[in-house]
Every structure is written in structure tokens, then in C-alpha cells.
$ cat start35.tsv   # TSV, C-alpha atoms
chain	number	residue	atom	x	y	z
R	1	MET	CA	-13.85	16.04	5.54
R	2	LYS	CA	-10.14	15.42	5.15
R	3	PHE	CA	-9.27	12.81	2.51
R	4	GLY	CA	-6.12	10.86	1.80
R	5	ILE	CA	-5.97	9.42	-1.71
R	6	VAL	CA	-3.87	6.46	-2.90
R	7	VAL	CA	-3.26	5.78	-6.60
R	8	ASN	CA	-1.89	2.30	-7.24
R	9	GLU	CA	-1.93	2.06	-11.04
R	10	GLY	CA	-0.20	3.79	-13.91
R	11	PRO	CA	-1.79	6.32	-16.29
R	12	TYR	CA	-3.74	5.26	-19.42
R	13	GLN	CA	-3.24	1.52	-18.69
R	14	HIS	CA	-5.83	1.66	-15.92
R	15	GLN	CA	-8.70	3.91	-14.92
R	16	ALA	CA	-7.44	4.29	-11.33
R	17	SER	CA	-5.59	7.57	-11.93
R	18	ASP	CA	-8.52	9.09	-13.87
R	19	SER	CA	-10.97	8.11	-11.15
R	20	ALA	CA	-8.70	9.43	-8.41
R	21	TYR	CA	-8.35	12.72	-10.30
R	22	GLN	CA	-12.11	13.07	-10.76
R	23	PHE	CA	-12.64	12.19	-7.11
R	24	ALA	CA	-10.06	14.76	-5.98
R	25	ARG	CA	-11.64	17.50	-8.11
R	26	ALA	CA	-15.13	16.68	-6.89
R	27	ALA	CA	-14.01	16.57	-3.26
R	28	LEU	CA	-12.28	19.95	-3.54
R	29	ALA	CA	-15.28	21.45	-5.34
R	30	ALA	CA	-17.49	20.27	-2.50
R	31	GLY	CA	-15.28	22.04	0.01
R	32	HIS	CA	-13.40	19.02	1.34
R	33	GLU	CA	-9.70	18.97	2.11
R	34	ILE	CA	-7.17	16.62	0.54
R	35	PHE	CA	-4.35	15.87	2.93
R	36	ARG	CA	-2.22	14.12	0.32
R	37	VAL	CA	-2.30	12.06	-2.85
R	38	PHE	CA	0.12	9.16	-2.56
R	39	PHE	CA	1.24	7.28	-5.67
R	40	TYR	CA	2.37	3.69	-5.15
R	41	HIS	CA	3.10	0.58	-7.25
R	42	ASP	CA	2.82	1.52	-10.96
R	43	GLY	CA	0.95	4.62	-9.80
R	44	VAL	CA	4.32	6.39	-9.58
R	45	ASN	CA	4.27	6.56	-13.40
R	46	ASN	CA	1.67	9.31	-13.06
R	47	GLY	CA	4.55	11.58	-12.03
R	48	THR	CA	6.77	11.58	-15.11
R	49	ARG	CA	6.90	14.81	-17.08
R	50	LEU	CA	8.09	12.89	-20.19
R	51	THR	CA	4.71	11.48	-21.24
R	52	VAL	CA	3.55	12.55	-24.70
R	53	PRO	CA	-0.06	11.43	-25.08
R	54	PRO	CA	-1.92	11.96	-28.40
R	55	GLN	CA	-3.22	15.53	-28.71
R	56	ASP	CA	-6.87	14.49	-28.80
R	57	ASP	CA	-6.55	12.65	-25.47
R	58	ARG	CA	-6.40	13.89	-21.90
R	59	ASN	CA	-2.95	14.62	-20.48
R	60	ILE	CA	-3.12	12.78	-17.18
R	61	VAL	CA	0.22	13.95	-15.79
R	62	GLU	CA	-0.33	17.61	-16.66
R	63	ARG	CA	-3.82	17.41	-15.22
R	64	TRP	CA	-2.41	16.30	-11.85
R	65	SER	CA	0.27	19.03	-11.99
R	66	GLU	CA	-2.36	21.70	-12.67
R	67	LEU	CA	-4.64	20.46	-9.91
R	68	ALA	CA	-1.69	20.52	-7.52
R	69	THR	CA	-0.76	24.09	-8.44
R	70	GLU	CA	-4.32	25.38	-8.23
R	71	ASN	CA	-5.07	23.75	-4.89
R	72	GLU	CA	-1.65	23.38	-3.27
R	73	LEU	CA	-2.10	19.61	-3.35
R	74	ASP	CA	0.64	17.39	-1.95
R	75	LEU	CA	1.42	14.79	-4.65
R	76	VAL	CA	3.89	12.21	-3.35
R	77	LEU	CA	5.58	9.39	-5.28
R	78	CYS	CA	6.90	6.52	-3.15
R	79	VAL	CA	10.68	6.60	-3.44
R	80	ALA	CA	11.22	2.83	-3.47
R	81	ALA	CA	8.48	2.24	-6.04
R	82	ALA	CA	9.73	5.20	-8.10
R	83	GLN	CA	13.38	4.10	-8.16
R	84	ARG	CA	12.42	0.60	-9.34
R	85	ARG	CA	10.47	2.09	-12.21
R	86	GLY	CA	12.84	4.85	-13.32
R	87	LEU	CA	11.14	7.87	-11.75
R	88	LEU	CA	13.85	10.16	-10.39
R	89	ASP	CA	14.02	13.73	-9.15
R	90	GLU	CA	17.24	15.71	-9.48
R	91	GLY	CA	18.61	14.63	-6.14
R	92	GLU	CA	17.85	10.94	-6.67
R	93	ALA	CA	19.36	11.05	-10.15
R	94	GLN	CA	22.59	12.50	-8.80
R	95	ARG	CA	22.77	10.11	-5.87
R	96	ASN	CA	22.29	7.12	-8.15
R	97	GLY	CA	24.58	8.27	-10.94
R	98	LYS	CA	21.81	8.67	-13.52
R	99	ASP	CA	22.00	11.19	-16.35
R	100	ALA	CA	18.44	12.49	-16.19
R	101	ASP	CA	15.49	13.18	-13.96
R	102	ASN	CA	11.86	13.18	-14.96
R	103	ILE	CA	9.55	14.36	-12.17
R	104	ALA	CA	6.61	16.48	-13.28
R	105	PRO	CA	5.87	19.82	-11.57
R	106	GLY	CA	3.82	19.54	-8.41
R	107	PHE	CA	5.06	16.03	-7.55
R	108	ARG	CA	7.66	15.16	-4.98
R	109	ILE	CA	9.39	11.91	-4.04
R	110	SER	CA	9.30	10.68	-0.47
R	111	GLY	CA	9.07	7.56	1.66
R	112	LEU	CA	6.30	5.15	2.57
R	113	GLY	CA	5.94	6.87	5.92
R	114	GLN	CA	4.04	9.55	4.00
R	115	LEU	CA	1.38	6.96	3.14
R	116	ILE	CA	1.00	5.83	6.74
R	117	GLU	CA	0.87	9.46	7.88
R	118	ALA	CA	-1.87	10.18	5.33
R	119	ALA	CA	-3.83	7.19	6.64
R	120	VAL	CA	-3.51	8.34	10.24
R	121	GLN	CA	-4.13	12.05	9.64
R	122	SER	CA	-7.02	11.81	7.15
R	123	ASP	CA	-10.64	11.14	8.04
R	124	ARG	CA	-10.84	8.72	5.09
R	125	LEU	CA	-8.17	7.01	3.01
R	126	VAL	CA	-9.50	6.21	-0.45
R	127	THR	CA	-7.58	3.75	-2.62
R	128	PHE	CA	-7.79	3.66	-6.42
R	129	GLY	CA	-6.44	0.51	-8.07
R	130	ASP	CA	-7.03	-3.19	-8.60
S	1	MET	CA	-2.21	20.24	12.81
S	2	SER	CA	-0.10	17.39	14.09
S	3	GLU	CA	-2.03	14.71	15.92
S	4	GLU	CA	0.78	12.87	17.60
S	5	GLY	CA	-0.40	10.01	19.68
S	6	THR	CA	-3.32	9.18	17.39
S	7	ILE	CA	-3.68	5.42	17.25
S	8	LYS	CA	-5.85	4.01	14.51
S	9	LYS	CA	-6.87	0.49	13.62
S	10	LEU	CA	-5.12	-0.33	10.34
S	11	MET	CA	-5.71	-3.45	8.28
S	12	TYR	CA	-3.54	-4.45	5.34
S	13	VAL	CA	-5.59	-6.56	2.95
S	14	ASN	CA	-3.59	-8.84	0.62
S	15	ARG	CA	-5.48	-10.40	-2.26
S	16	LYS	CA	-2.87	-11.32	-4.86
S	17	ALA	CA	-0.45	-14.19	-5.43
S	18	PRO	CA	3.14	-13.41	-4.41
S	19	TYR	CA	5.13	-13.31	-7.67
S	20	GLY	CA	2.72	-12.73	-10.55
S	21	THR	CA	2.55	-9.03	-9.69
S	22	ILE	CA	4.51	-6.80	-7.32
S	23	TYR	CA	1.56	-5.99	-5.04
S	24	ALA	CA	2.50	-8.58	-2.40
S	25	LEU	CA	6.13	-7.47	-2.11
S	26	GLU	CA	5.29	-3.78	-2.04
S	27	SER	CA	2.51	-4.39	0.48
S	28	LEU	CA	5.04	-6.04	2.76
S	29	GLU	CA	7.27	-2.99	2.42
S	30	VAL	CA	4.43	-0.78	3.65
S	31	VAL	CA	3.81	-3.07	6.62
S	32	LEU	CA	7.47	-2.98	7.65
S	33	ILE	CA	7.73	0.82	7.36
S	34	GLY	CA	4.32	1.26	8.99
S	35	ALA	CA	5.48	-0.65	12.06
S	36	ALA	CA	7.45	2.43	13.13
S	37	PHE	CA	4.19	4.39	13.53
S	38	ASP	CA	2.89	2.44	16.55
S	39	GLN	CA	-0.59	1.90	15.17
S	40	ASP	CA	-3.03	-0.95	15.90
S	41	VAL	CA	-2.14	-3.14	12.94
S	42	CYS	CA	-3.45	-6.39	11.52
S	43	LEU	CA	-3.07	-8.20	8.20
S	44	ALA	CA	-5.66	-10.09	6.17
S	45	PHE	CA	-5.01	-12.59	3.38
S	46	LEU	CA	-7.77	-13.63	1.03
S	47	ASP	CA	-8.38	-14.69	-2.56
S	48	ASP	CA	-5.01	-15.55	-4.21
S	49	GLY	CA	-3.35	-13.59	-1.39
S	50	VAL	CA	-3.38	-16.78	0.71
S	51	PHE	CA	-0.57	-18.10	-1.54
S	52	GLN	CA	1.72	-15.42	-0.08
S	53	LEU	CA	1.88	-17.36	3.19
S	54	THR	CA	2.50	-20.86	1.84
S	55	GLU	CA	5.37	-22.92	3.21
S	56	GLY	CA	8.25	-24.02	0.98
S	57	GLN	CA	8.20	-21.31	-1.68
S	58	ASN	CA	11.06	-21.69	-4.16
S	59	THR	CA	11.72	-18.99	-6.74
S	60	ASP	CA	14.90	-20.47	-8.27
S	61	GLY	CA	13.13	-21.19	-11.53
S	62	ILE	CA	11.71	-17.70	-12.04
S	63	GLY	CA	14.74	-15.58	-11.15
S	64	MET	CA	12.89	-13.54	-8.56
S	65	LYS	CA	13.67	-12.86	-4.92
S	66	ASN	CA	11.95	-15.23	-2.51
S	67	PHE	CA	10.60	-12.87	0.15
S	68	SER	CA	8.37	-15.40	1.90
S	69	LYS	CA	10.62	-15.62	4.98
S	70	THR	CA	9.93	-11.95	5.69
S	71	TYR	CA	6.43	-12.93	6.84
S	72	THR	CA	7.94	-15.01	9.66
S	73	ALA	CA	9.74	-11.86	10.92
S	74	LEU	CA	6.51	-9.84	11.23
S	75	GLY	CA	6.27	-10.76	14.92
S	76	ASP	CA	9.46	-8.76	15.51
S	77	TYR	CA	7.67	-5.76	13.99
S	78	GLU	CA	4.84	-6.17	16.50
S	79	VAL	CA	2.46	-7.49	13.87
S	80	THR	CA	0.67	-10.04	16.00
S	81	ARG	CA	-2.64	-10.56	14.24
S	82	ILE	CA	-2.70	-12.15	10.79
S	83	TYR	CA	-6.05	-13.33	9.47
S	84	VAL	CA	-6.45	-15.81	6.61
S	85	GLU	CA	-9.83	-16.38	5.04
S	86	ARG	CA	-10.91	-20.01	5.31
S	87	GLU	CA	-13.02	-19.95	2.14
S	88	SER	CA	-10.07	-18.69	0.08
S	89	LEU	CA	-7.86	-21.52	1.38
S	90	GLU	CA	-10.49	-24.17	0.70
S	91	ALA	CA	-11.25	-22.91	-2.81
S	92	ARG	CA	-7.55	-23.38	-3.62
S	93	GLY	CA	-7.17	-26.80	-2.03
S	94	LEU	CA	-5.08	-25.38	0.80
S	95	SER	CA	-5.31	-25.74	4.56
S	96	GLU	CA	-3.50	-24.23	7.53
S	97	THR	CA	-0.84	-26.98	7.32
S	98	ASP	CA	0.25	-25.60	3.93
S	99	LEU	CA	1.09	-22.23	5.50
S	100	GLN	CA	4.22	-21.05	7.25
S	101	GLU	CA	4.12	-20.98	11.03
S	102	LEU	CA	3.82	-17.34	12.09
S	103	THR	CA	4.34	-16.41	15.73
S	104	TYR	CA	5.11	-13.49	18.00
S	105	GLU	CA	6.48	-13.11	21.49
S	106	ASP	CA	3.89	-11.72	23.90
S	107	GLU	CA	5.55	-9.05	26.02
S	108	ASP	CA	2.57	-9.09	28.40
S	109	ASP	CA	2.98	-12.81	29.02
S	110	ASP	CA	6.69	-13.24	29.83
S	111	TRP	CA	7.52	-13.20	26.09
S	112	ALA	CA	5.68	-16.48	25.51
S	113	GLU	CA	5.68	-17.49	21.84
S	114	LYS	CA	2.14	-17.40	20.46
S	115	PRO	CA	0.60	-17.97	17.05
S	116	SER	CA	-0.24	-14.82	15.10
S	117	LEU	CA	-2.03	-16.71	12.33
S	118	HIS	CA	-5.81	-17.00	12.60
S	119	ILE	CA	-8.00	-18.80	10.09
S	120	VAL	CA	-11.34	-17.00	9.94
S	121	GLY	CA	-14.52	-17.34	7.90
S	122	SER	CA	-15.57	-14.62	5.48
S	123	ASP	CA	-18.30	-13.43	7.88
S	124	GLU	CA	-15.78	-12.89	10.66
S	125	LEU	CA	-13.33	-11.23	8.26
S	126	ALA	CA	-16.06	-8.86	7.10
S	127	GLN	CA	-16.74	-8.01	10.73
S	128	LEU	CA	-13.03	-7.33	11.34
S	129	MET	CA	-12.87	-5.09	8.26
S	130	ALA	CA	-15.86	-3.13	9.47
S	131	GLU	CA	-14.07	-2.43	12.75
S	132	GLN	CA	-11.05	-0.80	11.09
S	133	ASP	CA	-10.34	2.91	10.73
S	134	VAL	CA	-8.21	2.34	7.66
S	135	VAL	CA	-8.06	-0.54	5.18
S	136	PHE	CA	-5.05	-0.67	2.89
S	137	SER	CA	-5.89	-2.69	-0.18
S	138	PHE	CA	-3.15	-4.57	-2.04

$ encode --input "start35.tsv" --output "C-alpha cells"
Amino acid sequence: MKFGIVVNEGPYQHQASDSAYQFARAALAAGHEIFRVFFYHDGVNNGTRLTVPPQDDRNIVERWSELATENELDLVLCVAAAQRRGLLDEGEAQRNGKDADNIAPGFRISGLGQLIEAAVQSDRLVTFGD
Amino acid sequence: MSEEGTIKKLMYVNRKAPYGTIYALESLEVVLIGAAFDQDVCLAFLDDGVFQLTEGQNTDGIGMKNFSKTYTALGDYEVTRIYVERESLEARGLSETDLQELTYEDEDDDWAEKPSLHIVGSDELAQLMAEQDVVFSF
């Protein structure tokens, strides 16, 4: 089966990102396909490479990056939600006159159309959040 | 891999009050962008989400943008079916008269203006949800 996954909450604050990650891993292990993981609302905070969690805790952002590299996952941060919350890639930083960017490897920034496309193209869209 | 022409039944479910969190505003942004995809779209409002549609919202005192008028433009985005759960209204002391008037122009009926708002019971709403291909939850 082809899954689309939506993550609507930020890392550590809420279990949504952890659950989505575990779901994605389990789905891939069972031979399913993941069309895209779309991060919306505070979920875009899962895509910053500047998190420094305590060493004895899981690194949620790195975990997503690794999963993306290993499985060629498409991890997309909503551009409007990301800009509001200070998540910028190099291009967005330049366009908006900001002095830094902070996107973690394996993530990309794109529009809400990517969410609708994931909903239309996937067999199931699974949302993680409140 | 492209499946152009696929039309799915999409429901946007709104369950939160309009200004306490950003879910309502960002849900609306998805609906407006999603309109370009020519899908079979409807909206549902339940729980505190029914407050999103109330008439006479005024955000002057909280310094936030009042986006409530955007709902009245949904007809122009071909969003013609908006369901509000009756039980959620009643539990909050609200009725249909507390809500904004939401209409659309029916292109199949000489552009007659028709109501897009439908008050439905939870049983009917559950039935509608079961009929969808995709449920977006906000």
C-alpha cells in the first residue's frame, strides 16, 4: 500500500512525530511505500538541523534525516508554516534577507499543494497530531 | 506514476476554536490551496470548531488577524458543502442563527445563490466521514 503521512506537531513537545516515525519505519519494513511525509503546523520544527537534544535522548530530527537517506523518503515542510516559525532553506533565507538557514538533510521546503497531492496519490493519508 | 484526473472525496474536519491555536487558520489555507486541485471537497465543523463560523467575530482586543470573512468566500473556491454538527452547536449554546451566512452560486442552476451550510447530527456526520476517501484533520 502507498501511504501519505502528515505530521502536525513539533518534536519532543508532542508524541506525533515519534509515532509518525515509528509508523513510517514499520510500514517500510512491511514492504509498503511512503509517497511523502508532509510536515505542517508546528510539525515543521521537525526539520531544523539546529536541535541539540540531551545525549541520552533520541534525536528526532536526525532520525528523520537518516530514514529519508536510507529509503529515499520525501520529507516536505510546508513553506508558509515554515516561514512563520523560522524554518528556512538557503533560497528562502536569501529571498527574505535572513542571515541563516536551518533545514536538516533530507528535508525540503515546498507548498501546500504537496499535501493535497499526497492525499490524492496515496492509498491512505495518515495524520499524526492533536 | 502520475494519476491526473483522479478525483477523490476530501473532507476537511475542523475541531478547534479559531484563535486559541493556529489550526483553524492553517486549515483554511489548505482548503484555499486545495481548491486548485479540482477534487470533491467538503468541510466539517465540530467540537470547538463550530466557533470558527460564528458571526460578528472581533479580534481588536487580541491583536490577531480576523480571518472569519474568508469563510464567506469559500463559495468562490467551489466549496459548496459545509457541515456543522448540531450536537456541538447545542453543547455550546449556539444555533444556526449565530453563524455566518455561507452561500455559493450554483453554475448548474443559472448561478442561483444557495446555502452551503448544513446543520447535521453526529450520526449523519459519521456517515459522511465514512464516505470520504481522505479526511484532513485540523

$ residues_around --input "start35.tsv" --residues "Gly47 in chain R" --least-positions-apart "4" --cutoff "12 Å" --atoms "only C-alpha atoms" --output "PyMOL selection string"
chain R and resi 7+9-11+17+37-40+42-43+51+59-65+68+75-79+81-82+85-89+101-109

$ interface_residues --input "start35.tsv" --of "chain S" --to "chain R" --cutoff "10 Å" --atoms "all atoms listed in the file" --output "PyMOL selection string"
chain S and resi 1-4+6-10+15-16+21-23+26-27+29-37+39+133-138

$ residues_near_point --input "start35.tsv" --point "(6.1, -18.8, 10.4)" --cutoff "8 Å" --atoms "all atoms listed in the file" --output "PyMOL selection string"
chain S and resi 69+71-73+99-103

$ atom_distance --input "start35.tsv" --atom1 "CA of Gly63 in chain S" --atom2 "CA of Ala24 in chain S"
16.6 Å

$ atom_distance --input "start35.tsv" --atom1 "CA of Asp56 in chain R" --atom2 "CA of Tyr12 in chain R"
13.5 Å

$ closest_residue --input "start35.tsv" --among "S:Glu96, S:Asp40, S:Glu85, S:Asp109" --to "Ser122 in chain S" --atoms "all atoms listed in the file"
S:Glu85

$ atom_distance --input "start35.tsv" --atom1 "CA of Gly93 in chain S" --atom2 "CA of His118 in chain S"
17.7 Å

$ closest_residue --input "start35.tsv" --among "S:Leu117, S:Val41, S:Met64, S:Leu46" --to "Glu90 in chain S" --atoms "all atoms listed in the file"
S:Leu46

$ axis_aligned_box --input "start35.tsv" --around "range 5-15 of chain S" --padding-each-side "6 Å" --output "AutoDock Vina command-line options"
--center_x -3.6 --center_y -0.2 --center_z 8.7 --size_x 18.5 --size_y 32.4 --size_z 33.9

$ residues_around --input "start35.tsv" --residues "Leu43 in chain S" --least-positions-apart "3" --cutoff "8 Å" --atoms "all atoms listed in the file" --output "PyMOL selection string"
chain S and resi 11-14+79+81-83

$ build_atoms --input "start35.tsv" --residues "range 99-117 of chain R" --atoms "N, CA, C and O atoms" --output "CSV table (one decimal), in the frame of the given file"
chain,number,residue,atom,x,y,z
R,99,ASP,N,21.7,10.0,-15.6
R,99,ASP,CA,22.0,11.2,-16.4
R,99,ASP,C,20.8,12.0,-16.6
R,99,ASP,O,20.8,13.0,-17.3
R,100,ALA,N,19.6,11.7,-16.0
R,100,ALA,CA,18.4,12.5,-16.2
R,100,ALA,C,17.5,12.3,-15.0
R,100,ALA,O,17.5,11.4,-14.3
R,101,ASP,N,16.6,13.3,-14.9
R,101,ASP,CA,15.5,13.2,-14.0
R,101,ASP,C,14.2,13.5,-14.7
R,101,ASP,O,14.3,14.0,-15.8
R,102,ASN,N,13.1,13.1,-14.2
R,102,ASN,CA,11.9,13.2,-15.0
R,102,ASN,C,10.6,13.5,-14.2
R,102,ASN,O,9.5,13.2,-14.6
R,103,ILE,N,10.7,14.1,-13.0
R,103,ILE,CA,9.6,14.4,-12.2
R,103,ILE,C,8.8,15.6,-12.7
R,103,ILE,O,9.3,16.6,-13.0
R,104,ALA,N,7.5,15.4,-12.8
R,104,ALA,CA,6.6,16.5,-13.3
R,104,ALA,C,6.4,17.5,-12.2
R,104,ALA,O,6.5,17.2,-11.0
R,105,PRO,N,6.1,18.8,-12.6
R,105,PRO,CA,5.9,19.8,-11.6
R,105,PRO,C,4.7,19.4,-10.6
R,105,PRO,O,3.7,18.8,-11.1
R,106,GLY,N,4.9,19.8,-9.4
R,106,GLY,CA,3.8,19.5,-8.4
R,106,GLY,C,4.0,18.2,-7.7
R,106,GLY,O,3.3,18.0,-6.7
R,107,PHE,N,4.8,17.3,-8.2
R,107,PHE,CA,5.1,16.0,-7.6
R,107,PHE,C,6.3,16.1,-6.7
R,107,PHE,O,7.3,16.9,-7.1
R,108,ARG,N,6.4,15.3,-5.7
R,108,ARG,CA,7.7,15.2,-5.0
R,108,ARG,C,7.8,13.7,-4.6
R,108,ARG,O,6.9,12.9,-4.6
R,109,ILE,N,9.1,13.3,-4.4
R,109,ILE,CA,9.4,11.9,-4.0
R,109,ILE,C,9.7,11.8,-2.5
R,109,ILE,O,10.4,12.6,-2.0
R,110,SER,N,9.0,10.9,-1.9
R,110,SER,CA,9.3,10.7,-0.5
R,110,SER,C,9.0,9.2,-0.1
R,110,SER,O,8.7,8.4,-0.9
R,111,GLY,N,9.1,8.9,1.2
R,111,GLY,CA,9.1,7.6,1.7
R,111,GLY,C,7.7,7.1,2.0
R,111,GLY,O,6.7,7.8,2.0
R,112,LEU,N,7.6,5.8,2.3
R,112,LEU,CA,6.3,5.2,2.6
R,112,LEU,C,5.7,5.7,3.9
R,112,LEU,O,4.5,5.5,4.1
R,113,GLY,N,6.5,6.3,4.7
R,113,GLY,CA,5.9,6.9,5.9
R,113,GLY,C,4.9,7.9,5.6
R,113,GLY,O,3.9,8.1,6.4
R,114,GLN,N,5.0,8.5,4.4
R,114,GLN,CA,4.0,9.6,4.0
R,114,GLN,C,2.7,8.9,3.7
R,114,GLN,O,1.6,9.6,3.9
R,115,LEU,N,2.7,7.7,3.3
R,115,LEU,CA,1.4,7.0,3.1
R,115,LEU,C,0.7,6.7,4.5
R,115,LEU,O,-0.5,6.9,4.7
R,116,ILE,N,1.5,6.2,5.4
R,116,ILE,CA,1.0,5.8,6.7
R,116,ILE,C,0.5,7.1,7.4
R,116,ILE,O,-0.6,7.1,8.0
R,117,GLU,N,1.3,8.2,7.3
R,117,GLU,CA,0.9,9.5,7.9
R,117,GLU,C,-0.5,9.9,7.3
R,117,GLU,O,-1.4,10.4,8.0
